[in-house]
Protein chains: 2
Amino acid sequence: MPVPIAEPSRVDVLVVGAGPAGLMCANALVKAGVNVRLVDKRPARVAAGQADGIQPRTIEVLQSYGLAERLLREGNQMHMAAFYNPNPKGGIECTGRTPDVTAPTARYSHEVTLHQGAIEAIFLDSMSSSGMEVHRPIVPSRLQLSASEEELLDPSSYPVKITLQHLDTDTAETVQAKFVVGADGAHSWVRKSLQISMEGEQTDYIWGVVDMIPITDFPDIRNRTAIHSVNGSCMIIPREGDKVRLYIQLSDKDVVDPATGRIDKSRMNPEKLLEVARKTFYPYRMDTPSEIDWWTIYIIGQRVASKFSVKDRVFIAGDACHTHSPKAGQGMNASMNDTHNLAWKLTQVLRGWADMSLLKTYESERRKYAQDLINFDKEFSALFSGKPRTRDNQSGVTHEQFLRAFQTFGGFTSGIGVHYTPSAIVNTAHQQCASNLTIGQRMPPHIIVRAADARPFEVQDLLPADSRFKVLVFTGSVTDPAQLARAFLLAEEMEKTKSFLKRYPTDGNISSMFEILTITAGKKDDVNFLCLPALLRSHWSKVFVDDTDVTGSKGGHAYLRFGIDPTCVTLVVVRPDGYVGMIAPSHSFEDVNGYFASFMKSPTA
Amino acid sequence: MPVPIAEPSRVDVLVVGAGPAGLMCANALVKAGVNVRLVDKRPARVAAGQADGIQPRTIEVLQSYGLAERLLREGNQMHMAAFYNPNPKGGIECTGRTPDVTAPTARYSHEVTLHQGAIEAIFLDSMSSSGMEVHRPIVPSRLQLSASEEELLDPSSYPVKITLQHLDTDTAETVQAKFVVGADGAHSWVRKSLQISMEGEQTDYIWGVVDMIPITDFPDIRNRTAIHSVNGSCMIIPREGDKVRLYIQLSDKDVVDPATGRIDKSRMNPEKLLEVARKTFYPYRMDTPSEIDWWTIYIIGQRVASKFSVKDRVFIAGDACHTHSPKAGQGMNASMNDTHNLAWKLTQVLRGWADMSLLKTYESERRKYAQDLINFDKEFSALFSGKPRTRDNQSGVTHEQFLRAFQTFGGFTSGIGVHYTPSAIVNTAHQQCASNLTIGQRMPPHIIVRAADARPFEVQDLLPADSRFKVLVFTGSVTDPAQLARAFLLAEEMEKTKSFLKRYPTDGNISSMFEILTITAGKKDDVNFLCLPALLRSHWSKVFVDDTDVTGSKGGHAYLRFGIDPTCVTLVVVRPDGYVGMIAPSHSFEDVNGYFASFMKSPTA
């Protein structure tokens, strides 16, 4: 093993692995101005294959980083799901179609499919525009975490020492980091070096995957289609351009080496995979195209890491901490959302805003989610891999059973249903003040209209992933003098020294840490936003009305939709990752101060 | 004068002037693969000031070139118009608000304002991505057009000889061009060298313009606001960022030199302009900011060139052929739409597809429009520059009069109402087959759903400005066997040797010249697009259903909206610039052949 050739370098955050989890992490951090380095073992970008499905919630997240536009332009959109089951006369027939996305509040009513390399390129180009590149091919070979409690508790210390091997030059270097994020995949070196175990087991389900431009007369080849045939199951995922991915159920005899009992990829090839697929497609044709983009075979493993962090200094994320079946399109999404959750917390701690304890919520929020994901995946995989109900197999899975599961799991498969449980940053005390805004869930999309110029805005677009907490002040109708008086009373409270707005921003500039957005009830024609207290209109662009746009076709009824009483003044705190953190009526403003006091650091006097 | 230093160079199209008209022209041509050169007298791009309003129709046009996204991102959106009139107690008061865009079919329900330099940059970057740059600073100094009829009629000849002066190196060169487009502004050298006269006259209205970040308590400062005060009129145009443009009515004594009777800019300055404005804003404040972005004063001239072309070899476009008041935001829009109209015609002639006679429709279509524009502008300017109705001035303009004019002219000011009269490329014979699609107007927006994957598409996005005619085949409901039979009959006709689809594409590839899109009636779940004749589904992405998307919130009722009978098969021909060129029932397919025969060139056998 080569020896280090230079003095150790220092970095605030070292991210290991430039897959979706690592890229989301590094991009979020570099955009927040954090000193971050990203290393990857691969000598170059991924060109084809691997994960490819982006859920509606993940599109929302990418949009919050300004990255959704390109994804939507380059990717394929899956709007419809189709189901095929055995036809009593032989072969398969369509037994129904349904929207692919069944979550009612989804902003994007479809998934996007695109090969992983193209998705990664979106992040790579974004990072590159901030002057950051992936360092490769590099692997870590040694990781040491300081045992000093004092050092571990000091956010300005560098308690992690990691040795990196440069595979191209066969040299090594030592890096000292404040934090390390191991996003290095299912066989994570970081996880192993921390001796974190994976809990759960491998299933018996063996699947083949093939990406290609199909030659077929199958009518639903451009829809997400689940085929249950007596000859096995198959899932179609249409992709960018004319490409399609097929997931094909395999049996042991197709791929297992009888001598070893292990999967032997050399027993398979694309033509053999398509031969298996062809039996499920009958009576439709599925010819073998002249070119195959990519293919593989795998056994589904359903496992979650026993912990996601060591001492809140080294974290693991993505496939490094959870593995599951790819067919519900969860993998890449869960991975990106892991680090979307982690990045703003690291940023706030590194800026000296939040206490180190904030980092504990990464494991509590994301490990719970990963476990739910595995449980969902077990049910879904069993249903999908199961034999269909036929005359001869009355215990098989019916179309209705599968459809019900597909729709029931809609909140889950769309990513919309993610619900973080109470913690320092999820305070449910005043949930009743906005009964339809679930604290711990993401702020749902809704169109509101800007007071100054009647321009409609998607509220989610007012909540970018910019490391700041957003405070939405629902003032009710300020044309009512009593209501306006309440708004002025609140503003007075917000101006006091003990207010979080005055307490934390050390530069005296509220907007460096917090964004205050005001949403009034009433008609855009009647609201003169200049009547509001100055704190609630720091700029003309920060005041909105719960009304339709000038065409009458967009927006309106936000108070009703969110369950907010327009005769109260209500505060909604949205976390930097877009999740609702707390809600409070204006007369409980001290609870908002308390919320921030529970994890923010008082500036040293 | 310097003498030419090199052998004459040759170019298919030489565009003089890199303002909005020239840039639209050159960008469209270079994207179509035409050999084009663009020269401009300015040494560098425009940084501020000048025209700044983009109408809804122009946004549609930019979208058809893939350029709207950036415009919408960078620009300000004007959704609301506000009106202020004298308050009987003194000063002004708001007398009403209305949507800024009143054209009911507008795809974009707002205008976009952005300084001209930023708009030009969108084109410059687009051209640059095709390897084309503006050559500057260059002015033409001599233009000769061949007198040989034979040469003029041969599209492959170079009958224009033009001398270009390079202002930086003080050298000259001679260029031989097939076509020249003079987009060189109100004082057009090209127009003058062709001795084309301007018809119309100057008005007495003198206006000042100032761009700045205002300091004001005026509530409608972010809306397009027309102020009629007893102290004069003022128009507010909110702009990108916090900027605002004010158009301020001036009187002779403010700016006219009594000695010469001419406007003398040195008698004005921004502070004086704002002093005039302040009187119209009273009782609202309008302080003088520390910085002024740009300012000017001008007299409105309302003139149209007597002709737009000489021998269909040299054309003038934009301000070179029409000047009018800027307050209705017409100038830049009319200019861009001139060359949007011209570019595809030049392309088709240069490719040898269309006859030279096609070029005559440029003048017939755009000069008519320019005259209508002047007539509109006269009425609108008079109303806006007129004194408001007050107790003491009962003959003044009332709020209602002005509002009515604003709304009546909505089709005009939005650009949506542009209506080209019958010609070789506007054939109204079968208008009744799609009673709500006006032949000669642009194809209106509507959402339809792709048959193969239920993805919703804006029909306008299926009609890019790619030099090809689009043929929309409305088949009716193909689940009805009788209707499907009609579609097969039509396809048979379309396959015949005399069909325009077979007659013109010399490479045998229909899609190199024409795009066939099929729109069926029915429900997306019931339509199997594979049942259609092959010609009507050349690719899975070319078939659409008149149904809603999976959420039920977008699309549907296209047949109803367009006035198309779903029990017929109807063809709608859309020109490359997005205007409906002709409509025909399937049993009159020979009329479609006749339409194309009237301006296309039969390939030489």
# chains A, B, ... in the order shown; residues from 1 in each chain; ligands from 1

call {"tool": "residues_around", "arguments": {"residues": "Leu71 (chain B)", "least_positions_apart": "5", "cutoff": "8 Å", "atoms": "only C-alpha atoms", "output": "list of chain:residue names"}}
result
B:Val112, B:Ile119, B:Ile122

call {"tool": "write_last_selection", "arguments": {"atoms": "N, CA, C and O atoms", "output": "compact mmCIF listing (two decimals), in the first residue's frame"}}
result
# COMPACT_ATOMS: atom_id res chain seq x y z
N VAL B 112 -44.15 39.87 -20.90
CA VAL B 112 -42.86 39.78 -20.23
C VAL B 112 -42.10 41.06 -20.51
O VAL B 112 -42.09 41.53 -21.65
N ILE B 119 -32.86 40.38 -23.95
CA ILE B 119 -33.63 39.65 -24.97
C ILE B 119 -32.71 39.29 -26.14
O ILE B 119 -32.72 38.17 -26.63
N ILE B 122 -30.52 36.31 -25.57
CA ILE B 122 -31.13 34.98 -25.76
C ILE B 122 -30.89 34.51 -27.19
O ILE B 122 -30.51 33.36 -27.42

call {"tool": "select_by_dssp", "arguments": {"residues": "region 280-396 of chain A", "states": "helix (DSSP H, G or I)", "output": "PyMOL selection string"}}
result
chain A and resi 280-281+318-320+331-350+356-385

call {"tool": "atom_distance", "arguments": {"atom1": "CA of Met78 (chain B)", "atom2": "CA of Ile54 (chain B)"}}
result
10.0 Å

call {"tool": "closest_atom_pairs", "arguments": {"of": "chain B", "to": "chain A", "cutoff": "8 Å", "atoms": "only C-alpha atoms", "output": "JSON lines"}}
result
{"residue": "B:Gln77", "atom": "CA", "partner": "A:Arg455", "partner_atom": "CA", "distance": 7.0}
{"residue": "B:Met78", "atom": "CA", "partner": "A:Asp453", "partner_atom": "CA", "distance": 7.0}
{"residue": "B:His79", "atom": "CA", "partner": "A:Ala454", "partner_atom": "CA", "distance": 6.0}
{"residue": "B:Met80", "atom": "CA", "partner": "A:Ala454", "partner_atom": "CA", "distance": 6.2}
{"residue": "B:Arg97", "atom": "CA", "partner": "A:Asp525", "partner_atom": "CA", "distance": 7.2}
{"residue": "B:Thr98", "atom": "CA", "partner": "A:Val550", "partner_atom": "CA", "distance": 7.9}
{"residue": "B:Pro99", "atom": "CA", "partner": "A:Val550", "partner_atom": "CA", "distance": 5.5}
{"residue": "B:Ser109", "atom": "CA", "partner": "A:Thr551", "partner_atom": "CA", "distance": 7.1}
{"residue": "B:Asp217", "atom": "CA", "partner": "A:Leu530", "partner_atom": "CA", "distance": 7.7}
{"residue": "B:Pro219", "atom": "CA", "partner": "A:Asn528", "partner_atom": "CA", "distance": 6.6}
{"residue": "B:Asp220", "atom": "CA", "partner": "A:Ala452", "partner_atom": "CA", "distance": 6.8}
{"residue": "B:Ile221", "atom": "CA", "partner": "A:Ala452", "partner_atom": "CA", "distance": 7.7}
{"residue": "B:Arg222", "atom": "CA", "partner": "A:Asp453", "partner_atom": "CA", "distance": 5.1}
{"residue": "B:Asn223", "atom": "CA", "partner": "A:Asp453", "partner_atom": "CA", "distance": 5.3}
{"residue": "B:Ala452", "atom": "CA", "partner": "A:Arg222", "partner_atom": "CA", "distance": 5.7}
{"residue": "B:Asp453", "atom": "CA", "partner": "A:Arg222", "partner_atom": "CA", "distance": 5.1}
{"residue": "B:Ala454", "atom": "CA", "partner": "A:His79", "partner_atom": "CA", "distance": 6.0}
{"residue": "B:Arg455", "atom": "CA", "partner": "A:His79", "partner_atom": "CA", "distance": 6.0}
{"residue": "B:Asp525", "atom": "CA", "partner": "A:Arg97", "partner_atom": "CA", "distance": 7.2}
{"residue": "B:Asn528", "atom": "CA", "partner": "A:Pro219", "partner_atom": "CA", "distance": 6.6}
{"residue": "B:Phe529", "atom": "CA", "partner": "A:Pro219", "partner_atom": "CA", "distance": 7.8}
{"residue": "B:Leu530", "atom": "CA", "partner": "A:Pro219", "partner_atom": "CA", "distance": 7.0}
{"residue": "B:Val550", "atom": "CA", "partner": "A:Pro99", "partner_atom": "CA", "distance": 5.5}
{"residue": "B:Thr551", "atom": "CA", "partner": "A:Ser109", "partner_atom": "CA", "distance": 7.1}

call {"tool": "residues_around", "arguments": {"residues": "Pro603 (chain B)", "least_positions_apart": "2", "cutoff": "9 Å", "atoms": "only C-alpha atoms", "output": "PyMOL selection string"}}
result
chain B and resi 352-353+503-506+601+605

call {"tool": "closest_residue", "arguments": {"among": "A:Leu164, A:Leu346, A:Cys321, A:Ala277", "to": "Val34 (chain A)", "atoms": "only C-alpha atoms"}}
result
A:Leu346

call {"tool": "residues_around", "arguments": {"residues": "Arg351 (chain B)", "least_positions_apart": "4", "cutoff": "10 Å", "atoms": "only C-alpha atoms", "output": "number ranges by chain"}}
result
B: 32-34, 155-156, 345-347

call {"tool": "write_last_selection", "arguments": {"atoms": "all heavy atoms", "output": "PDB file, in the first residue's frame"}}
result
ATOM      1  N   ALA B  32     -32.114  26.604 -39.349  1.00  0.00           N
ATOM      2  CA  ALA B  32     -32.620  25.846 -40.491  1.00  0.00           C
ATOM      3  C   ALA B  32     -31.479  25.397 -41.404  1.00  0.00           C
ATOM      4  O   ALA B  32     -31.716  24.796 -42.447  1.00  0.00           O
ATOM      5  CB  ALA B  32     -33.627  26.691 -41.272  1.00  0.00           C
ATOM      6  N   GLY B  33     -30.254  25.697 -41.008  1.00  0.00           N
ATOM      7  CA  GLY B  33     -29.113  25.262 -41.809  1.00  0.00           C
ATOM      8  C   GLY B  33     -28.829  26.161 -42.996  1.00  0.00           C
ATOM      9  O   GLY B  33     -28.078  25.798 -43.899  1.00  0.00           O
ATOM     10  N   VAL B  34     -29.425  27.347 -43.028  1.00  0.00           N
ATOM     11  CA  VAL B  34     -29.198  28.280 -44.144  1.00  0.00           C
ATOM     12  C   VAL B  34     -27.860  28.989 -43.945  1.00  0.00           C
ATOM     13  O   VAL B  34     -27.482  29.330 -42.832  1.00  0.00           O
ATOM     14  CB  VAL B  34     -30.353  29.305 -44.223  1.00  0.00           C
ATOM     15  CG1 VAL B  34     -30.016  30.439 -45.195  1.00  0.00           C
ATOM     16  CG2 VAL B  34     -31.652  28.615 -44.631  1.00  0.00           C
ATOM     17  N   PRO B 155     -33.447  31.171 -58.217  1.00  0.00           N
ATOM     18  CA  PRO B 155     -33.166  31.252 -56.786  1.00  0.00           C
ATOM     19  C   PRO B 155     -31.717  30.908 -56.435  1.00  0.00           C
ATOM     20  O   PRO B 155     -31.259  31.221 -55.340  1.00  0.00           O
ATOM     21  CB  PRO B 155     -34.142  30.244 -56.165  1.00  0.00           C
ATOM     22  CG  PRO B 155     -34.564  29.356 -57.275  1.00  0.00           C
ATOM     23  CD  PRO B 155     -34.449  30.144 -58.541  1.00  0.00           C
ATOM     24  N   SER B 156     -30.994  30.288 -57.353  1.00  0.00           N
ATOM     25  CA  SER B 156     -29.611  29.936 -57.023  1.00  0.00           C
ATOM     26  C   SER B 156     -28.622  31.050 -57.406  1.00  0.00           C
ATOM     27  O   SER B 156     -27.424  30.927 -57.155  1.00  0.00           O
ATOM     28  CB  SER B 156     -29.228  28.621 -57.715  1.00  0.00           C
ATOM     29  OG  SER B 156     -29.208  28.815 -59.106  1.00  0.00           O
ATOM     30  N   LYS B 345     -39.914  31.323 -45.192  1.00  0.00           N
ATOM     31  CA  LYS B 345     -40.152  31.443 -46.633  1.00  0.00           C
ATOM     32  C   LYS B 345     -38.823  31.452 -47.376  1.00  0.00           C
ATOM     33  O   LYS B 345     -38.663  30.770 -48.400  1.00  0.00           O
ATOM     34  CB  LYS B 345     -40.980  32.703 -46.914  1.00  0.00           C
ATOM     35  CG  LYS B 345     -42.378  32.635 -46.286  1.00  0.00           C
ATOM     36  CD  LYS B 345     -43.150  33.953 -46.369  1.00  0.00           C
ATOM     37  CE  LYS B 345     -44.510  33.803 -45.674  1.00  0.00           C
ATOM     38  NZ  LYS B 345     -45.258  35.093 -45.589  1.00  0.00           N
ATOM     39  N   LEU B 346     -37.876  32.219 -46.865  1.00  0.00           N
ATOM     40  CA  LEU B 346     -36.532  32.210 -47.457  1.00  0.00           C
ATOM     41  C   LEU B 346     -35.951  30.796 -47.416  1.00  0.00           C
ATOM     42  O   LEU B 346     -35.353  30.320 -48.391  1.00  0.00           O
ATOM     43  CB  LEU B 346     -35.613  33.167 -46.688  1.00  0.00           C
ATOM     44  CG  LEU B 346     -35.838  34.667 -46.924  1.00  0.00           C
ATOM     45  CD1 LEU B 346     -34.971  35.478 -45.960  1.00  0.00           C
ATOM     46  CD2 LEU B 346     -35.517  35.052 -48.362  1.00  0.00           C
ATOM     47  N   THR B 347     -36.122  30.120 -46.295  1.00  0.00           N
ATOM     48  CA  THR B 347     -35.581  28.764 -46.142  1.00  0.00           C
ATOM     49  C   THR B 347     -36.167  27.823 -47.183  1.00  0.00           C
ATOM     50  O   THR B 347     -35.446  27.076 -47.854  1.00  0.00           O
ATOM     51  CB  THR B 347     -35.876  28.236 -44.730  1.00  0.00           C
ATOM     52  OG1 THR B 347     -35.290  29.123 -43.780  1.00  0.00           O
ATOM     53  CG2 THR B 347     -35.327  26.832 -44.534  1.00  0.00           C
TER      54      THR B 347
END

call {"tool": "atom_distance", "arguments": {"atom1": "CA of Lys368 (chain A)", "atom2": "CA of Ile316 (chain A)"}}
result
14.4 Å

call {"tool": "atom_distance", "arguments": {"atom1": "CA of His135 (chain A)", "atom2": "CA of Ser9 (chain A)"}}
result
14.1 Å

call {"tool": "residues_around", "arguments": {"residues": "Cys25 (chain A)", "least_positions_apart": "2", "cutoff": "9 Å", "atoms": "only C-alpha atoms", "output": "VMD selection string"}}
result
chain A and resid 15 20 to 23 27 to 30 181 183 336 338 to 343

call {"tool": "residues_around", "arguments": {"residues": "Ile206 (chain A)", "least_positions_apart": "3", "cutoff": "6 Å", "atoms": "only C-alpha atoms", "output": "PyMOL selection string"}}
result
chain A and resi 250+298-299

call {"tool": "write_last_selection", "arguments": {"atoms": "all heavy atoms", "output": "short mmCIF file (atom, residue, chain, number, x, y, z; two decimals), in the first residue's frame"}}
result
data_model
loop_
_atom_site.label_atom_id
_atom_site.label_comp_id
_atom_site.auth_asym_id
_atom_site.auth_seq_id
_atom_site.Cartn_x
_atom_site.Cartn_y
_atom_site.Cartn_z
N LEU A 250 -36.99 -14.30 -13.03
CA LEU A 250 -36.24 -15.49 -13.43
C LEU A 250 -36.46 -16.58 -12.38
O LEU A 250 -36.82 -16.31 -11.24
CB LEU A 250 -34.75 -15.16 -13.53
CG LEU A 250 -34.39 -14.05 -14.52
CD1 LEU A 250 -32.90 -13.75 -14.45
CD2 LEU A 250 -34.79 -14.44 -15.94
N TYR A 298 -30.11 -9.95 -10.75
CA TYR A 298 -29.86 -9.73 -9.33
C TYR A 298 -30.89 -10.45 -8.46
O TYR A 298 -31.97 -10.82 -8.93
CB TYR A 298 -29.86 -8.23 -9.00
CG TYR A 298 -31.20 -7.61 -9.24
CD1 TYR A 298 -32.15 -7.54 -8.23
CD2 TYR A 298 -31.54 -7.11 -10.51
CE1 TYR A 298 -33.40 -7.00 -8.47
CE2 TYR A 298 -32.77 -6.57 -10.75
CZ TYR A 298 -33.70 -6.52 -9.72
OH TYR A 298 -34.93 -6.01 -9.97
N ILE A 299 -30.50 -10.65 -7.21
CA ILE A 299 -31.43 -11.16 -6.20
C ILE A 299 -31.83 -10.00 -5.30
O ILE A 299 -30.98 -9.18 -4.93
CB ILE A 299 -30.77 -12.25 -5.33
CG1 ILE A 299 -30.46 -13.47 -6.20
CG2 ILE A 299 -31.67 -12.65 -4.17
CD1 ILE A 299 -30.10 -14.70 -5.39
#

call {"tool": "residues_around", "arguments": {"residues": "Pro283 (chain B)", "least_positions_apart": "5", "cutoff": "10 Å", "atoms": "only C-alpha atoms", "output": "PyMOL selection string"}}
result
chain B and resi 87+90-93+217-218+278

call {"tool": "decode", "arguments": {"residues": "region 509-518 of chain A", "atoms": "all heavy atoms", "output": "compact mmCIF listing (two decimals), in the first residue's frame"}}
result
# COMPACT_ATOMS: atom_id res chain seq x y z
N ASN A 509 -29.10 40.76 10.21
CA ASN A 509 -29.88 40.66 8.98
C ASN A 509 -30.74 39.40 9.03
O ASN A 509 -30.26 38.29 8.82
CB ASN A 509 -28.91 40.62 7.79
CG ASN A 509 -29.64 40.55 6.48
OD1 ASN A 509 -30.88 40.64 6.43
ND2 ASN A 509 -28.89 40.40 5.41
N ILE A 510 -32.03 39.60 9.30
CA ILE A 510 -32.94 38.46 9.45
C ILE A 510 -32.89 37.53 8.25
O ILE A 510 -32.83 36.31 8.39
CB ILE A 510 -34.39 38.99 9.64
CG1 ILE A 510 -34.53 39.68 11.02
CG2 ILE A 510 -35.40 37.86 9.52
CD1 ILE A 510 -35.86 40.38 11.21
N SER A 511 -32.84 38.12 7.05
CA SER A 511 -32.98 37.29 5.85
C SER A 511 -31.76 36.43 5.57
O SER A 511 -31.81 35.57 4.70
CB SER A 511 -33.32 38.16 4.64
OG SER A 511 -32.20 38.94 4.30
N SER A 512 -30.66 36.65 6.30
CA SER A 512 -29.54 35.74 6.08
C SER A 512 -29.84 34.36 6.66
O SER A 512 -29.31 33.36 6.21
CB SER A 512 -28.25 36.32 6.66
OG SER A 512 -28.36 36.43 8.07
N MET A 513 -30.72 34.29 7.66
CA MET A 513 -31.06 33.00 8.27
C MET A 513 -32.51 32.57 8.04
O MET A 513 -32.80 31.38 8.06
CB MET A 513 -30.83 33.06 9.78
CG MET A 513 -29.37 32.93 10.18
SD MET A 513 -29.17 32.93 11.98
CE MET A 513 -29.63 31.26 12.43
N PHE A 514 -33.40 33.54 7.88
CA PHE A 514 -34.82 33.22 7.79
C PHE A 514 -35.47 33.95 6.62
O PHE A 514 -35.06 35.06 6.26
CB PHE A 514 -35.55 33.63 9.08
CG PHE A 514 -35.00 32.98 10.32
CD1 PHE A 514 -34.13 33.68 11.15
CD2 PHE A 514 -35.32 31.68 10.64
CE1 PHE A 514 -33.60 33.08 12.29
CE2 PHE A 514 -34.80 31.07 11.78
CZ PHE A 514 -33.93 31.77 12.61
N GLU A 515 -36.47 33.33 6.04
CA GLU A 515 -37.25 34.00 5.00
C GLU A 515 -38.67 34.14 5.54
O GLU A 515 -39.29 33.15 5.93
CB GLU A 515 -37.24 33.14 3.72
CG GLU A 515 -38.22 33.57 2.65
CD GLU A 515 -37.62 34.58 1.68
OE1 GLU A 515 -36.93 35.51 2.15
OE2 GLU A 515 -37.85 34.44 0.47
N ILE A 516 -39.16 35.37 5.58
CA ILE A 516 -40.53 35.60 6.05
C ILE A 516 -41.42 35.88 4.84
O ILE A 516 -41.17 36.81 4.08
CB ILE A 516 -40.60 36.80 7.02
CG1 ILE A 516 -39.67 36.55 8.21
CG2 ILE A 516 -42.04 37.02 7.49
CD1 ILE A 516 -39.54 37.76 9.13
N LEU A 517 -42.42 35.05 4.65
CA LEU A 517 -43.36 35.22 3.55
C LEU A 517 -44.75 35.41 4.14
O LEU A 517 -45.16 34.66 5.04
CB LEU A 517 -43.35 33.98 2.65
CG LEU A 517 -42.02 33.66 1.97
CD1 LEU A 517 -42.08 32.29 1.30
CD2 LEU A 517 -41.67 34.73 0.94
N THR A 518 -45.45 36.39 3.66
CA THR A 518 -46.78 36.70 4.19
C THR A 518 -47.84 36.30 3.18
O THR A 518 -47.71 36.60 1.99
CB THR A 518 -46.86 38.20 4.50
OG1 THR A 518 -45.84 38.52 5.45
CG2 THR A 518 -48.21 38.57 5.07
